[in-house]
Each structure stands twice: as C-alpha cells, then as structure tokens.
>>> print(open('run_19.txt').read())   # compact mmCIF, C-alpha atoms
# COMPACT_ATOMS: atom_id res chain seq x y z
CA ASP A 28 -7.47 1.52 9.34
CA GLY A 29 -10.25 3.97 8.61
CA GLY A 30 -13.64 2.79 7.50
CA ILE A 31 -12.50 -0.34 5.72
CA THR A 32 -13.10 -3.76 7.18
CA GLN A 33 -11.64 -7.02 5.99
CA SER A 34 -12.67 -10.41 7.22
CA PRO A 35 -11.50 -12.77 8.39
CA LYS A 36 -8.16 -11.64 9.83
CA TYR A 37 -6.67 -15.13 9.42
CA LEU A 38 -7.83 -17.74 6.94
CA PHE A 39 -6.64 -21.29 6.44
CA ARG A 40 -7.52 -23.42 3.43
CA LYS A 41 -6.52 -26.65 1.83
CA GLU A 42 -4.89 -26.59 -1.57
CA GLY A 43 -7.42 -26.86 -4.38
CA GLN A 44 -10.18 -24.96 -2.59
CA ASN A 45 -11.45 -21.55 -3.66
CA VAL A 46 -11.67 -18.95 -0.92
CA THR A 47 -13.34 -15.52 -0.81
CA LEU A 48 -11.94 -12.59 1.14
CA SER A 49 -14.32 -9.88 2.22
CA CYS A 50 -13.74 -6.12 1.92
CA GLU A 51 -16.30 -3.50 2.97
CA GLN A 52 -15.92 0.28 3.17
CA ASN A 53 -18.19 2.97 4.59
CA LEU A 54 -16.17 5.92 3.27
CA ASN A 55 -18.40 6.40 0.22
CA HIS A 56 -15.33 5.91 -1.96
CA ASP A 57 -15.76 5.16 -5.63
CA ALA A 58 -12.51 3.25 -6.18
CA MET A 59 -11.42 0.03 -4.48
CA TYR A 60 -8.28 -2.05 -4.80
CA TRP A 61 -6.86 -5.43 -3.86
CA TYR A 62 -3.15 -5.89 -3.16
CA ARG A 63 -1.02 -8.84 -2.26
CA GLN A 64 1.92 -8.45 0.12
CA ASP A 65 4.73 -10.99 0.39
CA PRO A 66 7.68 -10.78 2.80
CA GLY A 67 10.44 -8.48 1.55
CA GLN A 68 8.32 -7.21 -1.31
CA GLY A 69 6.17 -4.21 -1.78
CA LEU A 70 2.48 -4.42 -2.49
CA ARG A 71 1.39 -5.76 -5.85
CA LEU A 72 -1.94 -4.82 -7.39
CA ILE A 73 -4.31 -7.69 -8.09
CA TYR A 74 -7.52 -5.97 -9.20
CA TYR A 75 -8.93 -2.50 -9.25
CA SER A 76 -12.46 -1.11 -9.51
CA GLN A 77 -13.24 2.49 -10.32
CA ILE A 78 -17.04 2.23 -10.19
CA VAL A 79 -19.75 -0.29 -9.44
CA ASN A 80 -20.02 -3.17 -11.92
CA ASP A 81 -16.63 -2.37 -13.42
CA PHE A 82 -13.15 -3.65 -12.56
CA GLN A 83 -9.77 -4.09 -14.21
CA LYS A 84 -6.90 -6.51 -13.82
CA GLY A 85 -3.80 -5.35 -12.04
CA ASP A 86 -0.30 -6.74 -12.36
CA ILE A 87 -0.95 -10.19 -10.87
CA ALA A 88 -4.60 -11.00 -11.61
CA GLU A 89 -4.06 -14.60 -12.69
CA GLY A 90 -5.77 -17.02 -10.32
CA TYR A 91 -7.95 -14.32 -8.74
CA SER A 92 -11.43 -13.00 -9.42
CA VAL A 93 -13.49 -10.08 -8.06
CA SER A 94 -16.94 -8.57 -8.22
CA ARG A 95 -18.24 -5.07 -7.56
CA GLU A 96 -22.01 -5.30 -7.25
CA LYS A 97 -22.22 -2.65 -4.54
CA LYS A 98 -20.22 0.52 -3.99
CA GLU A 99 -19.21 -0.50 -0.49
CA SER A 100 -18.16 -4.09 -1.22
CA PHE A 101 -15.32 -5.58 -3.28
CA PRO A 102 -14.81 -9.28 -2.47
CA LEU A 103 -11.77 -11.16 -3.77
CA THR A 104 -11.85 -14.85 -4.63
CA VAL A 105 -8.58 -16.74 -4.61
CA THR A 106 -9.11 -19.67 -6.92
CA SER A 107 -7.38 -23.02 -7.04
CA ALA A 108 -5.60 -21.76 -10.16
CA GLN A 109 -3.49 -19.40 -8.07
CA LYS A 110 -0.19 -21.24 -7.77
CA ASN A 111 1.10 -19.62 -4.61
CA PRO A 112 -1.84 -18.14 -2.71
CA THR A 113 -0.32 -17.93 0.76
CA ALA A 114 0.14 -14.20 1.42
CA PHE A 115 -1.16 -11.14 3.22
CA TYR A 116 -4.03 -9.54 1.29
CA LEU A 117 -4.86 -5.88 1.61
CA CYS A 118 -7.93 -4.05 0.40
CA ALA A 119 -7.91 -0.29 -0.14
CA SER A 120 -10.22 2.45 -1.33
CA SER A 121 -9.92 6.02 -2.54
CA SER A 122 -12.36 8.80 -3.30
CA SER A 123 -11.75 8.57 -7.03
CA GLY A 124 -9.84 6.43 -9.43
CA THR A 125 -6.96 8.85 -9.79
CA VAL A 126 -3.82 8.14 -7.83
CA SER A 127 -3.47 11.71 -6.55
CA ASN A 128 -6.10 10.79 -3.98
CA GLU A 129 -4.51 8.75 -1.22
CA GLN A 130 -5.66 5.23 -0.65
CA TYR A 131 -7.09 4.03 2.65
CA PHE A 132 -6.24 0.48 3.64
CA GLY A 133 -8.05 -2.20 5.56
CA PRO A 134 -6.33 -4.28 8.27
CA GLY A 135 -5.62 -7.16 5.91
CA THR A 136 -6.34 -10.88 5.72
CA ARG A 137 -3.54 -13.38 6.13
CA LEU A 138 -4.29 -16.42 3.98
CA THR A 139 -2.46 -19.68 4.50
CA VAL A 140 -2.99 -22.52 2.04
CA THR A 141 -1.56 -25.94 2.83
CA ALA B 23 8.45 2.10 -16.82
CA GLN B 24 7.71 3.73 -13.51
CA SER B 25 9.64 2.33 -10.58
CA VAL B 26 10.62 3.13 -7.03
CA ALA B 27 13.53 1.89 -4.95
CA GLN B 28 14.15 1.80 -1.24
CA PRO B 29 17.83 0.96 -0.92
CA GLU B 30 17.80 0.11 2.79
CA ASP B 31 16.04 -2.95 4.17
CA GLN B 32 16.39 -1.59 7.69
CA VAL B 33 17.26 1.68 9.37
CA ASN B 34 18.30 1.80 13.00
CA VAL B 35 18.20 5.02 15.00
CA ALA B 36 18.24 6.01 18.64
CA GLU B 37 15.19 7.70 20.13
CA GLY B 38 15.49 11.46 19.94
CA ASN B 39 17.83 11.39 16.94
CA PRO B 40 16.78 12.48 13.46
CA LEU B 41 15.80 9.77 11.04
CA THR B 42 15.89 9.45 7.27
CA VAL B 43 14.34 6.69 5.17
CA LYS B 44 15.50 6.82 1.58
CA CYS B 45 13.49 6.53 -1.61
CA THR B 46 14.48 7.04 -5.22
CA TYR B 47 12.19 6.89 -8.21
CA SER B 48 12.19 6.57 -11.96
CA VAL B 49 9.23 8.04 -13.82
CA SER B 50 8.40 9.63 -17.10
CA GLY B 51 6.84 13.00 -16.59
CA ASN B 52 6.06 14.61 -13.27
CA PRO B 53 5.92 12.17 -10.39
CA TYR B 54 3.20 11.69 -7.81
CA LEU B 55 5.00 10.32 -4.73
CA PHE B 56 3.68 8.88 -1.49
CA TRP B 57 4.84 7.52 1.85
CA TYR B 58 2.87 4.95 3.81
CA VAL B 59 3.58 3.26 7.15
CA GLN B 60 2.63 -0.25 8.20
CA TYR B 61 2.54 -1.52 11.77
CA PRO B 62 2.77 -5.29 12.38
CA ASN B 63 -0.13 -7.26 10.95
CA ARG B 64 -1.96 -4.09 9.99
CA GLY B 65 -2.89 -2.27 6.83
CA LEU B 66 -0.96 0.68 5.47
CA GLN B 67 -1.54 4.20 6.74
CA PHE B 68 -1.02 7.25 4.55
CA LEU B 69 1.69 9.62 5.78
CA LEU B 70 2.15 12.22 3.06
CA LYS B 71 2.24 12.85 -0.66
CA TYR B 72 3.93 15.08 -3.20
CA ILE B 73 1.87 16.14 -6.20
CA THR B 74 3.30 19.55 -7.07
CA GLY B 75 4.51 22.73 -5.39
CA ASP B 76 6.78 23.04 -2.36
CA ASN B 77 9.55 20.44 -2.35
CA LEU B 78 9.21 19.92 1.41
CA VAL B 79 6.03 18.08 2.23
CA LYS B 80 4.75 17.79 5.78
CA GLY B 81 2.66 14.84 6.84
CA SER B 82 1.25 12.93 9.76
CA TYR B 83 2.98 12.18 13.07
CA GLY B 84 5.69 14.82 12.53
CA PHE B 85 7.06 13.23 9.36
CA GLU B 86 8.14 15.21 6.34
CA ALA B 87 9.65 14.36 2.98
CA GLU B 88 11.83 16.27 0.59
CA PHE B 89 11.29 16.01 -3.13
CA ASN B 90 14.53 16.39 -5.09
CA LYS B 91 13.98 16.33 -8.81
CA SER B 92 17.65 16.41 -9.79
CA GLN B 93 18.44 13.41 -7.60
CA THR B 94 15.07 11.73 -8.27
CA SER B 95 14.65 11.20 -4.56
CA PHE B 96 11.85 11.54 -2.04
CA HIS B 97 13.41 10.79 1.34
CA LEU B 98 11.27 10.58 4.46
CA LYS B 99 12.53 12.47 7.49
CA LYS B 100 11.70 13.23 11.09
CA PRO B 101 13.71 15.55 13.34
CA SER B 102 13.36 13.44 16.49
CA ALA B 103 12.53 9.73 16.36
CA LEU B 104 10.19 8.00 18.78
CA VAL B 105 10.20 4.31 19.73
CA SER B 106 6.61 4.23 18.49
CA ASP B 107 7.84 5.17 15.00
CA SER B 108 9.25 1.66 14.65
CA ALA B 109 7.39 0.16 11.69
CA LEU B 110 7.66 -0.72 8.02
CA TYR B 111 7.72 2.25 5.67
CA PHE B 112 6.77 2.16 2.00
CA CYS B 113 7.49 4.68 -0.69
CA ALA B 114 5.17 4.64 -3.70
CA VAL B 115 4.96 6.35 -7.06
CA GLU B 116 2.17 6.71 -9.57
CA GLY B 117 2.30 3.88 -12.06
CA ASP B 118 1.86 3.94 -15.80
CA SER B 119 -1.88 4.29 -15.34
CA SER B 120 -3.40 7.06 -13.28
CA TYR B 121 -5.06 4.66 -10.85
CA LYS B 122 -2.01 2.53 -10.11
CA LEU B 123 0.53 2.91 -7.32
CA ILE B 124 3.92 1.22 -7.58
CA PHE B 125 5.30 0.39 -4.13
CA GLY B 126 8.89 0.04 -3.04
CA SER B 127 9.97 -3.08 -1.17
CA GLY B 128 9.76 -1.32 2.17
CA THR B 129 12.22 -0.21 4.83
CA ARG B 130 11.96 -1.39 8.39
CA LEU B 131 12.64 1.39 10.86
CA LEU B 132 13.81 0.38 14.31
CA VAL B 133 14.03 3.11 16.93
CA ARG B 134 15.82 1.96 20.06
CA PRO B 135 15.17 3.57 23.44
>>> encode(input="run_19.txt", output="structure tokens")
Amino acid sequence: DGGITQSPKYLFRKEGQNVTLSCEQNLNHDAMYWYRQDPGQGLRLIYYSQIVNDFQKGDIAEGYSVSREKKESFPLTVTSAQKNPTAFYLCASSSSGTVSNEQYFGPGTRLTVT
Amino acid sequence: AQSVAQPEDQVNVAEGNPLTVKCTYSVSGNPYLFWYVQYPNRGLQFLLKYITGDNLVKGSYGFEAEFNKSQTSFHLKKPSALVSDSALYFCAVEGDSSYKLIFGSGTRLLVRP
C-alpha cells in the first residue's frame, strides 16, 4: 500500500453522526483522491485535490466534505446528509493531477453506519 | 462518455494454466488504460498501464495486457497462473477529465491448486 496510511481500518458510527476518515501520504505527491467502493461495483470518485487548499467534487460528492490544508493530508468527512454511508473508503495519491501517472492507494477504511 | 466494462464477474483457472481477464472500453480520443489488483480488505495496487506505443504492455508480477484498438479491448493476461494471483482485478480508463479514472466493476480471479 505504499506510503499512504488510512485510519482507522474499521469504523462504526450511529446514523446522524458525522465521521472523519484520515488519509496521510509521505510520497510527496501533489494529487490526492477519495473513492468509495461498494460490493459488485467499481470505485467511484468522491473528491479530488490537485494542490494544497484546492479540491474538486467527483461523481458522488453529495454528503461528503474534504479539506487539503497540508500536502500530505486529505481527510474526508462523511456527514449525516450522506444517505447510505456504509462502504469501503479508499484514499489515493499520484505525483501530479494527470491520470497518466498511476495512483497509489491506501489500505482503506471500512465504515459501518447503523 | 468514457466507460469501461469487465464482462466476467469471476474467472476460474487452474494453477499453471494461462489466464485472461477481459476488459473493453469506450472512449473518445486515445485511451489511457490501467489494470489494478485488490487483495481482500486492502487497497488497490497498480499493475500496468497503456498510454501509447507498443500494444503489449508488461507489468508487475508477470502480468501483461494487450491493447487492441479495433476491438476496443485491453485484456489482462499471464502465461502461468499462481494461487497467489487470486484477487479482485479492476480495469480503468481515463475519464472525461484528465485527473479522473473510471473503474470497471471488477473481476474476481480464482486460481485453484
């Protein structure tokens, strides 16, 4: 899983609570990404950041928020507005914001909301 | 719109036999294509990519993929499968923005001893 860490590995929350997932990288990569993975589906992009203090919505940003205050950190908050938050969340980074550079993934956080 | 399809949910192969995991794509323009592998409860690992040039791309762990423009395919292959190759494999294509990857739904590869 390279130099990307995600914590915690498993996270349990009650419905209606916001929760923040951590993602840290020591690869000196400029770009960072958050994906959601559901069974039988590919990865779907939630948010993307090309540089510090800048980020863009992906395909399924509703109910999520991010920040990029430091190059190495890109935390994801799953808000109570996210209708179906239970999923496996993956953080990734790449050396630039162009897709020709492969993305390196963290080990993931499995979030369960009941 | 850019899209990628993996027509097989699961591929079963005996150890030592060749394996193929299929991927077809639909893009406008020249495609950037990728293969990733995911082991249980882990993140994805990059295997190989096609940007331009030789249609046969070699990657990690003995895997290779063949880009076929006329058939819009990018099948993943390995001459001799190992039990340890058993995992979930994802094909991906560049999306409509240069930063975005569009992933297929994944193919589970099961290599039996």
>>> atom_distance(input="run_19.txt", atom1="atom CA of B:Val115", atom2="atom CA of A:Lys84")
18.8 Å
>>> residues_around(input="run_19.txt", residues="A:Arg40", least_positions_apart="6", cutoff="7 Å", atoms="only C-alpha atoms", output="list in words")
Thr139, Val140 and Thr141 of chain A
>>> write_last_selection(input="run_19.txt", atoms="C-alpha atoms", output="PDB file, keeping the file's coordinate frame")
ATOM      1  CA  THR A 139      -2.460 -19.680   4.500  1.00  0.00           C
ATOM      2  CA  VAL A 140      -2.990 -22.520   2.040  1.00  0.00           C
ATOM      3  CA  THR A 141      -1.560 -25.940   2.830  1.00  0.00           C
TER       4      THR A 141
END
>>> atom_distance(input="run_19.txt", atom1="atom CA of B:Asp76", atom2="atom CA of B:Ser108")
27.4 Å
>>> atom_distance(input="run_19.txt", atom1="atom CA of A:Glu42", atom2="atom CA of A:Ser92")
17.0 Å
>>> residues_near_point(input="run_19.txt", point="(18.4, 15.2, 4.9)", cutoff="10 Å", atoms="only C-alpha atoms", output="NGL selection string")
:B and (40-44 or 87-88 or 97-101)
>>> interface_residues(input="run_19.txt", of="chain A", to="chain B", cutoff="7 Å", atoms="all atoms listed in the file", output="list in words")
Asp28, Gly67, Gln68, Gly69, Leu70, Leu117, Gly124, Thr125, Val126, Ser127, Glu129, Tyr131, Phe132, Gly133, Pro134 and Gly135 of chain A
>>> write_last_selection(input="run_19.txt", atoms="C-alpha atoms", output="PDB file, in the coordinates of the input")
ATOM      1  CA  ASP A  28      -7.470   1.520   9.340  1.00  0.00           C
ATOM      2  CA  GLY A  67      10.440  -8.480   1.550  1.00  0.00           C
ATOM      3  CA  GLN A  68       8.320  -7.210  -1.310  1.00  0.00           C
ATOM      4  CA  GLY A  69       6.170  -4.210  -1.780  1.00  0.00           C
ATOM      5  CA  LEU A  70       2.480  -4.420  -2.490  1.00  0.00           C
ATOM      6  CA  LEU A 117      -4.860  -5.880   1.610  1.00  0.00           C
ATOM      7  CA  GLY A 124      -9.840   6.430  -9.430  1.00  0.00           C
ATOM      8  CA  THR A 125      -6.960   8.850  -9.790  1.00  0.00           C
ATOM      9  CA  VAL A 126      -3.820   8.140  -7.830  1.00  0.00           C
ATOM     10  CA  SER A 127      -3.470  11.710  -6.550  1.00  0.00           C
ATOM     11  CA  GLU A 129      -4.510   8.750  -1.220  1.00  0.00           C
ATOM     12  CA  TYR A 131      -7.090   4.030   2.650  1.00  0.00           C
ATOM     13  CA  PHE A 132      -6.240   0.480   3.640  1.00  0.00           C
ATOM     14  CA  GLY A 133      -8.050  -2.200   5.560  1.00  0.00           C
ATOM     15  CA  PRO A 134      -6.330  -4.280   8.270  1.00  0.00           C
ATOM     16  CA  GLY A 135      -5.620  -7.160   5.910  1.00  0.00           C
TER      17      GLY A 135
END
